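Q: Following this message is one structure expressed as structure tokens.
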Amino acid sequence: MSGFVEKPEPVQVPGLVHLHTGKVRELYQNEAGDLVMVASDRISAYDWVLPTEIPDKGRILTQLSLWWFDQLADLVPGHVLSTELPAGAPADWRGRTLVCKSLRMVPVECVARGYLTGSGLVEYNASRTVCGLALPEGLVDGSELPAPIFTPATKAAVGDHDENVSYEEVARQVGADTAARLRQATLAVYARGRDIARDRGILLADTKFEFGFDGDELVLADEVLTPDSSRFWPAEEWEPGRAQPSYDKQFVRDWLTSPASGWDRTAEQPPPALPDEVVAATRGKYVEAYERLTGVRWN
């Protein structure tokens, strides 16, 4: 059992039809048929959406994604049509709402890895492969890979794990031409993000993208290169052979698995509320990532 500890009731707005409640985002459709994405301050860990929110998180994710869409526009078009607040929407939606093209979404999480960690490290330790791709001997947690790799995953429902799959399986599911386009676009966007982040003293260890089609055009969708979708490491603290400090929800994970939380991950009980100091530290990491990447002070 996992999912929402307390599933929220979506806000009802005249002229918008609520379509879906995700881990972080609420998805609506407007009368023109466009999608309206609203990023909440919810945070998830260990397949649970926690009962405690992180102030400003939704706005940070939205504004950082917009910044990245601008940096990537010459590589692949983005799905954003407008940041204008829909008529009748609550004021709290300002800064966290995107009006987007309605796309035919590809049912694949497009993951790029430039460093070995996470589920990739687990598979490597067992077989010296990641998603079936052979890697050299001697790599450890945090090692930079010889070249970035495309390691796709299936999209999972809230409360379930995404599952790594081979490139061949993606080609079987979506066709060889689409699979090739996904791999090319994923690695190109990763390379641009890696280089920009590195110039700002941050390593982009891995990241995931979602793509959809507008006619025959492949379009980058959802969030892009945020701490929720990516592992960002401070370059000055990078030390292969151990877990790396990161700009994400590590404070949340560490507290949940510590004796202080009193939570047993294996007992199928929902996790407890987060203490104020963990909330503040986590918010601080999101703010730091935004400011360090964009060069703009968060206000």
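Labels used: A, B, ... for chains in the order of the structure tokens, numbers from 1 for residues in each chain, and numbers from 1 for ligands as shown.
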Just list the residues in range 92-223 of chain A DSSP gives strand (DSSP E or B) on the backbone, as a ChimeraX atom specification.

A: /A:97-100,104-105,108-115,129-130,133-134,144-150,153-154,163-164,202-214,217-221

Q: Can you write just those residues out, N, CA and C atoms, as a CSV table (one decimal), in the first residue's frame?

A:
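Wrote it out as again-v5.csv, contents follow:
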chain,number,residue,atom,x,y,z
A,97,THR,N,1.2,28.0,-12.4
A,97,THR,CA,0.3,27.5,-13.4
A,97,THR,C,0.8,27.7,-14.8
A,98,LEU,N,0.7,26.7,-15.6
A,98,LEU,CA,1.1,26.7,-17.0
A,98,LEU,C,-0.1,26.3,-17.9
A,99,VAL,N,-0.4,27.0,-18.9
A,99,VAL,CA,-1.3,26.6,-19.9
A,99,VAL,C,-0.5,26.0,-21.1
A,100,CYS,N,-0.8,24.7,-21.4
A,100,CYS,CA,0.1,24.0,-22.3
A,100,CYS,C,-0.7,23.3,-23.4
A,104,ARG,N,-0.3,14.2,-27.7
A,104,ARG,CA,-0.3,12.8,-27.6
A,104,ARG,C,0.9,12.3,-26.9
A,105,MET,N,0.8,12.0,-25.6
A,105,MET,CA,1.9,11.8,-24.7
A,105,MET,C,2.5,10.4,-25.1
A,108,VAL,N,6.4,6.7,-22.0
A,108,VAL,CA,7.8,6.3,-21.6
A,108,VAL,C,8.4,7.5,-20.8
A,109,GLU,N,9.0,7.1,-19.6
A,109,GLU,CA,9.9,8.1,-18.9
A,109,GLU,C,11.2,8.0,-19.6
A,110,CYS,N,11.6,9.2,-20.2
A,110,CYS,CA,12.9,9.2,-20.9
A,110,CYS,C,14.0,9.7,-20.0
A,111,VAL,N,14.8,8.7,-19.5
A,111,VAL,CA,15.8,9.0,-18.5
A,111,VAL,C,17.2,9.0,-19.2
A,112,ALA,N,18.0,10.1,-18.8
A,112,ALA,CA,19.4,10.2,-19.2
A,112,ALA,C,20.2,10.1,-18.0
A,113,ARG,N,21.3,9.4,-18.1
A,113,ARG,CA,22.3,9.3,-17.0
A,113,ARG,C,23.7,9.6,-17.4
A,114,GLY,N,24.3,10.5,-16.7
A,114,GLY,CA,25.7,10.8,-16.9
A,114,GLY,C,26.6,10.3,-15.8
A,115,TYR,N,26.0,9.9,-14.7
A,115,TYR,CA,26.7,9.4,-13.6
A,115,TYR,C,26.0,8.2,-13.0
A,129,THR,N,25.5,-3.8,-16.1
A,129,THR,CA,24.7,-3.2,-17.1
A,129,THR,C,23.8,-2.2,-16.4
A,130,VAL,N,23.2,-1.3,-17.3
A,130,VAL,CA,22.1,-0.4,-16.9
A,130,VAL,C,21.1,-0.4,-18.0
A,133,LEU,N,22.5,-2.0,-21.1
A,133,LEU,CA,23.7,-1.4,-21.7
A,133,LEU,C,24.9,-1.8,-20.8
A,134,ALA,N,25.9,-2.4,-21.5
A,134,ALA,CA,27.1,-2.8,-20.8
A,134,ALA,C,27.9,-1.6,-20.4
A,144,GLU,N,31.4,9.1,-12.9
A,144,GLU,CA,30.9,9.6,-14.2
A,144,GLU,C,31.0,8.5,-15.2
A,145,LEU,N,30.0,8.4,-16.0
A,145,LEU,CA,30.0,7.3,-17.1
A,145,LEU,C,30.9,7.8,-18.3
A,146,PRO,N,31.4,6.8,-19.0
A,146,PRO,CA,32.2,7.2,-20.2
A,146,PRO,C,31.5,8.1,-21.2
A,147,ALA,N,30.2,8.0,-21.3
A,147,ALA,CA,29.3,8.9,-22.1
A,147,ALA,C,27.9,8.7,-21.5
A,148,PRO,N,27.1,9.8,-21.6
A,148,PRO,CA,25.7,9.7,-21.1
A,148,PRO,C,24.9,8.6,-21.8
A,149,ILE,N,24.0,8.0,-21.1
A,149,ILE,CA,23.2,6.9,-21.7
A,149,ILE,C,21.8,7.1,-21.5
A,150,PHE,N,21.0,6.6,-22.4
A,150,PHE,CA,19.5,6.7,-22.4
A,150,PHE,C,19.0,5.4,-21.8
A,153,ALA,N,12.2,4.2,-18.8
A,153,ALA,CA,11.4,3.5,-17.8
A,153,ALA,C,10.0,3.6,-18.2
A,154,THR,N,9.2,2.6,-17.7
A,154,THR,CA,7.7,2.7,-17.9
A,154,THR,C,7.2,3.7,-16.9
A,163,GLU,N,9.5,1.4,-13.8
A,163,GLU,CA,10.3,0.2,-14.0
A,163,GLU,C,11.2,0.4,-15.2
A,164,ASN,N,12.5,0.3,-15.0
A,164,ASN,CA,13.5,0.4,-16.0
A,164,ASN,C,13.3,-0.6,-17.1
A,202,ILE,N,27.4,22.8,-10.7
A,202,ILE,CA,26.4,21.8,-10.4
A,202,ILE,C,26.6,20.6,-11.4
A,203,LEU,N,26.6,19.4,-10.9
A,203,LEU,CA,26.7,18.2,-11.7
A,203,LEU,C,25.2,17.7,-11.9
A,204,LEU,N,24.8,17.5,-13.1
A,204,LEU,CA,23.6,16.8,-13.4
A,204,LEU,C,23.8,15.3,-13.6
A,205,ALA,N,23.5,14.6,-12.5
A,205,ALA,CA,23.8,13.2,-12.5
A,205,ALA,C,22.9,12.4,-13.4
A,206,ASP,N,21.6,12.7,-13.3
A,206,ASP,CA,20.6,12.0,-14.2
A,206,ASP,C,19.3,12.8,-14.1
A,207,THR,N,18.5,12.6,-15.1
A,207,THR,CA,17.2,13.3,-15.2
A,207,THR,C,16.2,12.5,-16.0
A,208,LYS,N,15.0,12.9,-15.9
A,208,LYS,CA,13.9,12.3,-16.7
A,208,LYS,C,13.1,13.3,-17.4
A,209,PHE,N,12.7,13.0,-18.6
A,209,PHE,CA,11.9,13.9,-19.4
A,209,PHE,C,10.6,13.2,-19.9
A,210,GLU,N,9.6,13.9,-20.2
A,210,GLU,CA,8.4,13.4,-20.8
A,210,GLU,C,8.2,14.1,-22.2
A,211,PHE,N,7.8,13.4,-23.2
A,211,PHE,CA,7.6,13.9,-24.5
A,211,PHE,C,6.2,13.6,-25.0
A,212,GLY,N,5.7,14.4,-25.9
A,212,GLY,CA,4.5,14.1,-26.6
A,212,GLY,C,4.5,14.6,-28.0
A,213,PHE,N,3.5,14.3,-28.8
A,213,PHE,CA,3.5,14.7,-30.2
A,213,PHE,C,2.4,15.7,-30.4
A,214,ASP,N,2.8,16.8,-31.1
A,214,ASP,CA,1.8,17.7,-31.6
A,214,ASP,C,1.8,17.5,-33.1
A,217,GLU,N,5.3,16.6,-34.7
A,217,GLU,CA,6.4,17.2,-34.0
A,217,GLU,C,6.5,16.7,-32.6
A,218,LEU,N,7.8,16.3,-32.2
A,218,LEU,CA,8.1,15.9,-30.9
A,218,LEU,C,8.2,17.1,-30.0
A,219,VAL,N,7.5,17.1,-28.9
A,219,VAL,CA,7.5,18.3,-28.0
A,219,VAL,C,7.9,17.8,-26.6
A,220,LEU,N,8.7,18.7,-25.9
A,220,LEU,CA,9.1,18.4,-24.5
A,220,LEU,C,8.0,18.9,-23.6
A,221,ALA,N,7.6,18.1,-22.6
A,221,ALA,CA,6.4,18.4,-21.8
A,221,ALA,C,6.7,18.3,-20.3

Q: Nearest to Gln250 in chain A among A:Arg283, A:Lys23, A:Lys101, A:Lys7, with distances taken over only C-alpha atoms: which residue is it?

A: A:Arg283

Q: Please determine, counting only C-alpha atoms, which residue among A:Ser44, A:Ser143, A:Thr178, A:Thr62 has the shortest atom-to-atom distance to Arg253 in chain A.

A: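 Closest candidate: A:Ser44.
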
Q: If we count only C-alpha atoms, what is near Val296 in chain A at a cut-off of 12 Å, once residues fewer than 6 positions away on the same chain are taken out, given as a ChimeraX atom specification?

A: /A:60,63-64,67,287-290

Q: Just want the 10 Å neighbourhood of Asp141 in chain A, counted on only C-alpha atoms, with same-chain residues fewer than 3 positions away dropped. Output as a list of chain:residue names.

A: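 Counting only the stated atoms, we get A:Tyr115, A:Leu116, A:Thr117, A:Gly118, A:Gly120, A:Leu121, A:Val122, A:Tyr124, A:Asn125, A:Glu144, A:Glu239, A:Pro240, A:Gly241, A:Arg242, A:Ala243, A:Gln244.
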
Q: Would you please work out which residue, of A:Val38, A:Leu61, A:Cys131, A:Ile54, is nearest to Glu84 in chain A when using only C-alpha atoms?

A: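 Ranking A:Val38, A:Leu61, A:Cys131, A:Ile54 by distance to Glu84 in chain A, first place goes to A:Val38.
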
Q: When you look at range 256-261 of chain A with a cut-off of 10 Å (counting only C-alpha atoms), what residues show up, excluding the ones that are within fewer than 3 positions of it in the same chain? I need them as a ChimeraX atom specification.

A: /A:45-46,250-253,264-265,271-275

Q: Save out the residues we just selected, all heavy atoms, as a CSV table (one decimal), in the first residue's frame.

A:
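Final output, again.csv:
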chain,number,residue,atom,x,y,z
A,45,ALA,N,7.9,10.8,-1.3
A,45,ALA,CA,9.1,10.0,-0.9
A,45,ALA,C,8.7,8.6,-0.7
A,45,ALA,O,7.6,8.3,-0.1
A,45,ALA,CB,9.8,10.6,0.3
A,46,TYR,N,9.5,7.7,-1.2
A,46,TYR,CA,9.2,6.2,-1.0
A,46,TYR,C,7.8,5.9,-1.4
A,46,TYR,O,7.1,5.1,-0.7
A,46,TYR,CB,9.5,5.8,0.5
A,46,TYR,CG,10.9,6.1,0.9
A,46,TYR,CD1,11.2,7.0,1.9
A,46,TYR,CD2,12.0,5.5,0.3
A,46,TYR,CE1,12.5,7.3,2.3
A,46,TYR,CE2,13.3,5.8,0.6
A,46,TYR,CZ,13.5,6.7,1.6
A,46,TYR,OH,14.9,6.9,2.0
A,250,GLN,N,16.5,14.9,-0.2
A,250,GLN,CA,17.3,14.0,0.6
A,250,GLN,C,17.0,14.2,2.1
A,250,GLN,O,17.0,13.3,2.9
A,250,GLN,CB,18.7,14.1,0.3
A,250,GLN,CG,19.6,13.0,0.8
A,250,GLN,CD,19.1,11.6,0.2
A,250,GLN,OE1,18.9,11.5,-1.0
A,250,GLN,NE2,18.9,10.6,1.0
A,251,PHE,N,16.8,15.4,2.6
A,251,PHE,CA,16.5,15.7,4.0
A,251,PHE,C,15.2,14.9,4.4
A,251,PHE,O,15.2,14.4,5.5
A,251,PHE,CB,16.3,17.2,4.2
A,251,PHE,CG,17.5,18.0,4.2
A,251,PHE,CD1,17.8,18.9,3.3
A,251,PHE,CD2,18.5,17.8,5.2
A,251,PHE,CE1,18.9,19.7,3.3
A,251,PHE,CE2,19.6,18.6,5.3
A,251,PHE,CZ,19.9,19.5,4.3
A,252,VAL,N,14.2,14.9,3.5
A,252,VAL,CA,13.0,14.2,3.8
A,252,VAL,C,13.2,12.7,3.9
A,252,VAL,O,12.8,12.0,4.8
A,252,VAL,CB,11.9,14.5,2.7
A,252,VAL,CG1,10.7,13.6,2.9
A,252,VAL,CG2,11.6,16.0,2.7
A,253,ARG,N,14.0,12.1,2.9
A,253,ARG,CA,14.2,10.7,2.9
A,253,ARG,C,15.0,10.3,4.1
A,253,ARG,O,14.7,9.3,4.8
A,253,ARG,CB,15.0,10.3,1.6
A,253,ARG,CG,14.3,10.5,0.3
A,253,ARG,CD,15.1,9.8,-0.8
A,253,ARG,NE,14.6,10.3,-2.1
A,253,ARG,CZ,15.2,11.2,-2.9
A,253,ARG,NH1,16.3,11.8,-2.4
A,253,ARG,NH2,14.8,11.5,-4.0
A,264,ASP,N,8.2,2.8,9.9
A,264,ASP,CA,8.7,1.6,9.4
A,264,ASP,C,8.3,1.4,7.9
A,264,ASP,O,7.1,1.2,7.7
A,264,ASP,CB,8.2,0.4,10.2
A,264,ASP,CG,8.8,-0.9,9.7
A,264,ASP,OD1,9.5,-1.0,8.7
A,264,ASP,OD2,8.5,-2.0,10.3
A,265,ARG,N,9.2,1.6,7.0
A,265,ARG,CA,8.8,1.5,5.6
A,265,ARG,C,8.2,0.2,5.2
A,265,ARG,O,7.4,0.1,4.2
A,265,ARG,CB,10.1,1.7,4.7
A,265,ARG,CG,10.6,3.1,4.6
A,265,ARG,CD,11.8,3.2,3.7
A,265,ARG,NE,11.5,2.8,2.3
A,265,ARG,CZ,12.4,2.5,1.4
A,265,ARG,NH1,13.7,2.6,1.6
A,265,ARG,NH2,12.0,2.2,0.1
A,271,PRO,N,3.5,7.4,6.1
A,271,PRO,CA,4.5,8.1,6.8
A,271,PRO,C,4.0,9.3,7.6
A,271,PRO,O,2.9,9.8,7.3
A,271,PRO,CB,5.5,8.6,5.7
A,271,PRO,CG,4.7,8.6,4.5
A,271,PRO,CD,3.7,7.5,4.6
A,272,PRO,N,4.7,9.7,8.7
A,272,PRO,CA,4.2,10.8,9.5
A,272,PRO,C,4.4,12.2,8.9
A,272,PRO,O,5.1,12.3,7.9
A,272,PRO,CB,5.0,10.7,10.8
A,272,PRO,CG,6.3,10.1,10.3
A,272,PRO,CD,5.9,9.2,9.2
A,273,ALA,N,3.8,13.2,9.5
A,273,ALA,CA,4.1,14.6,9.1
A,273,ALA,C,5.6,14.9,9.3
A,273,ALA,O,6.2,14.4,10.2
A,273,ALA,CB,3.2,15.5,9.9
A,274,LEU,N,6.1,15.8,8.5
A,274,LEU,CA,7.5,16.3,8.6
A,274,LEU,C,7.6,17.4,9.7
A,274,LEU,O,6.8,18.2,9.8
A,274,LEU,CB,8.0,16.8,7.3
A,274,LEU,CG,7.9,15.9,6.1
A,274,LEU,CD1,8.4,16.6,4.8
A,274,LEU,CD2,8.8,14.7,6.3
A,275,PRO,N,8.7,17.3,10.5
A,275,PRO,CA,9.0,18.4,11.4
A,275,PRO,C,9.4,19.7,10.7
A,275,PRO,O,9.8,19.7,9.5
A,275,PRO,CB,10.1,17.9,12.3
A,275,PRO,CG,10.8,16.9,11.4
A,275,PRO,CD,9.7,16.3,10.5

Q: Write out as a compact mmCIF listing (two decimals) with N, CA and C atoms, in the first residue's frame all residues of range 76-208 of chain A that DSSP puts in alpha helix (DSSP H) for this structure's backbone.

A:
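The result, written out as result.txt:
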# COMPACT_ATOMS: atom_id res chain seq x y z
N GLY A 118 21.67 5.43 -7.77
CA GLY A 118 20.27 5.04 -7.73
C GLY A 118 20.04 3.64 -8.27
N SER A 119 18.91 3.48 -9.00
CA SER A 119 18.57 2.16 -9.54
C SER A 119 19.59 1.69 -10.56
N GLY A 120 20.25 2.63 -11.23
CA GLY A 120 21.30 2.25 -12.17
C GLY A 120 22.46 1.57 -11.47
N LEU A 121 22.82 2.08 -10.30
CA LEU A 121 23.91 1.48 -9.53
C LEU A 121 23.53 0.07 -9.06
N VAL A 122 22.28 -0.10 -8.65
CA VAL A 122 21.83 -1.42 -8.20
C VAL A 122 21.97 -2.45 -9.33
N GLU A 123 21.50 -2.08 -10.53
CA GLU A 123 21.61 -3.00 -11.66
C GLU A 123 23.07 -3.23 -12.04
N TYR A 124 23.86 -2.17 -12.05
CA TYR A 124 25.28 -2.30 -12.40
C TYR A 124 25.99 -3.27 -11.46
N ASN A 125 25.73 -3.14 -10.17
CA ASN A 125 26.39 -4.02 -9.20
C ASN A 125 26.02 -5.49 -9.42
N ALA A 126 24.82 -5.72 -9.95
CA ALA A 126 24.37 -7.09 -10.18
C ALA A 126 24.86 -7.66 -11.50
N SER A 127 24.95 -6.79 -12.54
CA SER A 127 25.18 -7.34 -13.88
C SER A 127 26.16 -6.55 -14.74
N TYR A 167 16.02 -0.34 -24.32
CA TYR A 167 15.69 0.44 -25.51
C TYR A 167 14.86 -0.39 -26.48
N GLU A 168 15.18 -1.67 -26.57
CA GLU A 168 14.45 -2.55 -27.48
C GLU A 168 12.98 -2.66 -27.08
N GLU A 169 12.71 -2.66 -25.77
CA GLU A 169 11.33 -2.71 -25.30
C GLU A 169 10.60 -1.42 -25.66
N VAL A 170 11.28 -0.28 -25.54
CA VAL A 170 10.66 0.98 -25.95
C VAL A 170 10.32 0.96 -27.44
N ALA A 171 11.26 0.48 -28.25
CA ALA A 171 11.02 0.38 -29.69
C ALA A 171 9.83 -0.52 -29.99
N ARG A 172 9.69 -1.59 -29.22
CA ARG A 172 8.56 -2.49 -29.42
C ARG A 172 7.24 -1.80 -29.07
N GLN A 173 7.27 -0.97 -28.01
CA GLN A 173 6.04 -0.33 -27.54
C GLN A 173 5.61 0.84 -28.42
N VAL A 174 6.56 1.66 -28.86
CA VAL A 174 6.20 2.91 -29.55
C VAL A 174 6.69 2.96 -30.99
N ALA A 176 10.12 1.87 -33.81
CA ALA A 176 11.56 2.12 -33.90
C ALA A 176 11.87 3.60 -34.16
N ASP A 177 11.08 4.24 -35.04
CA ASP A 177 11.35 5.64 -35.37
C ASP A 177 11.14 6.54 -34.16
N THR A 178 10.03 6.34 -33.45
CA THR A 178 9.76 7.16 -32.25
C THR A 178 10.80 6.90 -31.17
N ALA A 179 11.19 5.64 -30.98
CA ALA A 179 12.21 5.32 -29.97
C ALA A 179 13.52 6.04 -30.29
N ALA A 180 13.91 6.04 -31.55
CA ALA A 180 15.15 6.71 -31.94
C ALA A 180 15.06 8.22 -31.71
N ARG A 181 13.90 8.80 -32.01
CA ARG A 181 13.73 10.24 -31.79
C ARG A 181 13.76 10.57 -30.30
N LEU A 182 13.15 9.72 -29.49
CA LEU A 182 13.17 9.94 -28.04
C LEU A 182 14.60 9.89 -27.52
N ARG A 183 15.36 8.90 -27.93
CA ARG A 183 16.75 8.77 -27.46
C ARG A 183 17.59 9.96 -27.88
N GLN A 184 17.45 10.38 -29.13
CA GLN A 184 18.24 11.52 -29.61
C GLN A 184 17.90 12.79 -28.85
N ALA A 185 16.59 13.05 -28.68
CA ALA A 185 16.17 14.27 -27.99
C ALA A 185 16.56 14.24 -26.52
N THR A 186 16.41 13.09 -25.88
CA THR A 186 16.75 12.97 -24.46
C THR A 186 18.21 13.25 -24.22
N LEU A 187 19.08 12.66 -25.03
CA LEU A 187 20.52 12.85 -24.82
C LEU A 187 20.96 14.26 -25.20
N ALA A 188 20.31 14.86 -26.20
CA ALA A 188 20.65 16.24 -26.56
C ALA A 188 20.26 17.21 -25.46
N VAL A 189 19.05 17.04 -24.90
CA VAL A 189 18.60 17.93 -23.83
C VAL A 189 19.45 17.70 -22.57
N TYR A 190 19.75 16.45 -22.26
CA TYR A 190 20.62 16.18 -21.11
C TYR A 190 21.96 16.88 -21.28
N ALA A 191 22.58 16.76 -22.46
CA ALA A 191 23.90 17.35 -22.67
C ALA A 191 23.87 18.86 -22.49
N ARG A 192 22.81 19.52 -23.01
CA ARG A 192 22.70 20.97 -22.83
C ARG A 192 22.54 21.30 -21.34
N GLY A 193 21.65 20.58 -20.66
CA GLY A 193 21.45 20.83 -19.23
C GLY A 193 22.69 20.57 -18.42
N ARG A 194 23.40 19.49 -18.73
CA ARG A 194 24.65 19.16 -18.02
C ARG A 194 25.67 20.28 -18.17
N ASP A 195 25.82 20.80 -19.38
CA ASP A 195 26.84 21.83 -19.61
C ASP A 195 26.48 23.14 -18.92
N ILE A 196 25.20 23.51 -18.98
CA ILE A 196 24.78 24.75 -18.31
C ILE A 196 24.95 24.61 -16.80
N ALA A 197 24.52 23.48 -16.25
CA ALA A 197 24.64 23.27 -14.81
C ALA A 197 26.10 23.25 -14.38
N ARG A 198 26.96 22.60 -15.17
CA ARG A 198 28.37 22.50 -14.81
C ARG A 198 29.02 23.88 -14.74
N ASP A 199 28.61 24.76 -15.65
CA ASP A 199 29.14 26.12 -15.63
C ASP A 199 28.76 26.86 -14.36

Q: So that I can check the surroundings of range 12-17 of chain A, please list as a ChimeraX atom specification every protein, DNA and RNA residue that reaches within 6 Å of it, counting only C-alpha atoms and ignoring chain neighbours fewer than 2 positions away.

A: /A:28-30,89

Q: May I ask for the distance between CA of Leu139 in chain A and CA of Val165 in chain A, given in Å to one decimal place?

A: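 That distance, rounded to one decimal, is 21.2 Å.
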
Q: Please list as a list in words every residue within 7 Å of Pro227 in chain A, counting only C-alpha atoms and excluding residues in the same chain fewer than 4 positions away.

A: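 Using only C-alpha atoms, the neighbours found are Arg231, Phe232, Tyr247, Asp248 and Tyr286 of chain A.
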
Q: From the set A:Gly132, A:Glu291, A:Leu225, A:Arg297, which residue has the shortest atom-to-atom contact distance to Leu72 in chain A, counting only C-alpha atoms?

A: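 Nearest candidate to Leu72 in chain A out of A:Gly132, A:Glu291, A:Leu225, A:Arg297: A:Leu225.
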
Q: Mind giving me the straight-line distance from CA of Ala39 in chain A to CA of Trp263 in chain A in Å, one decimal?

A: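 According to the coordinates, CA of Ala39 in chain A and CA of Trp263 in chain A are separated by 27.4 Å.
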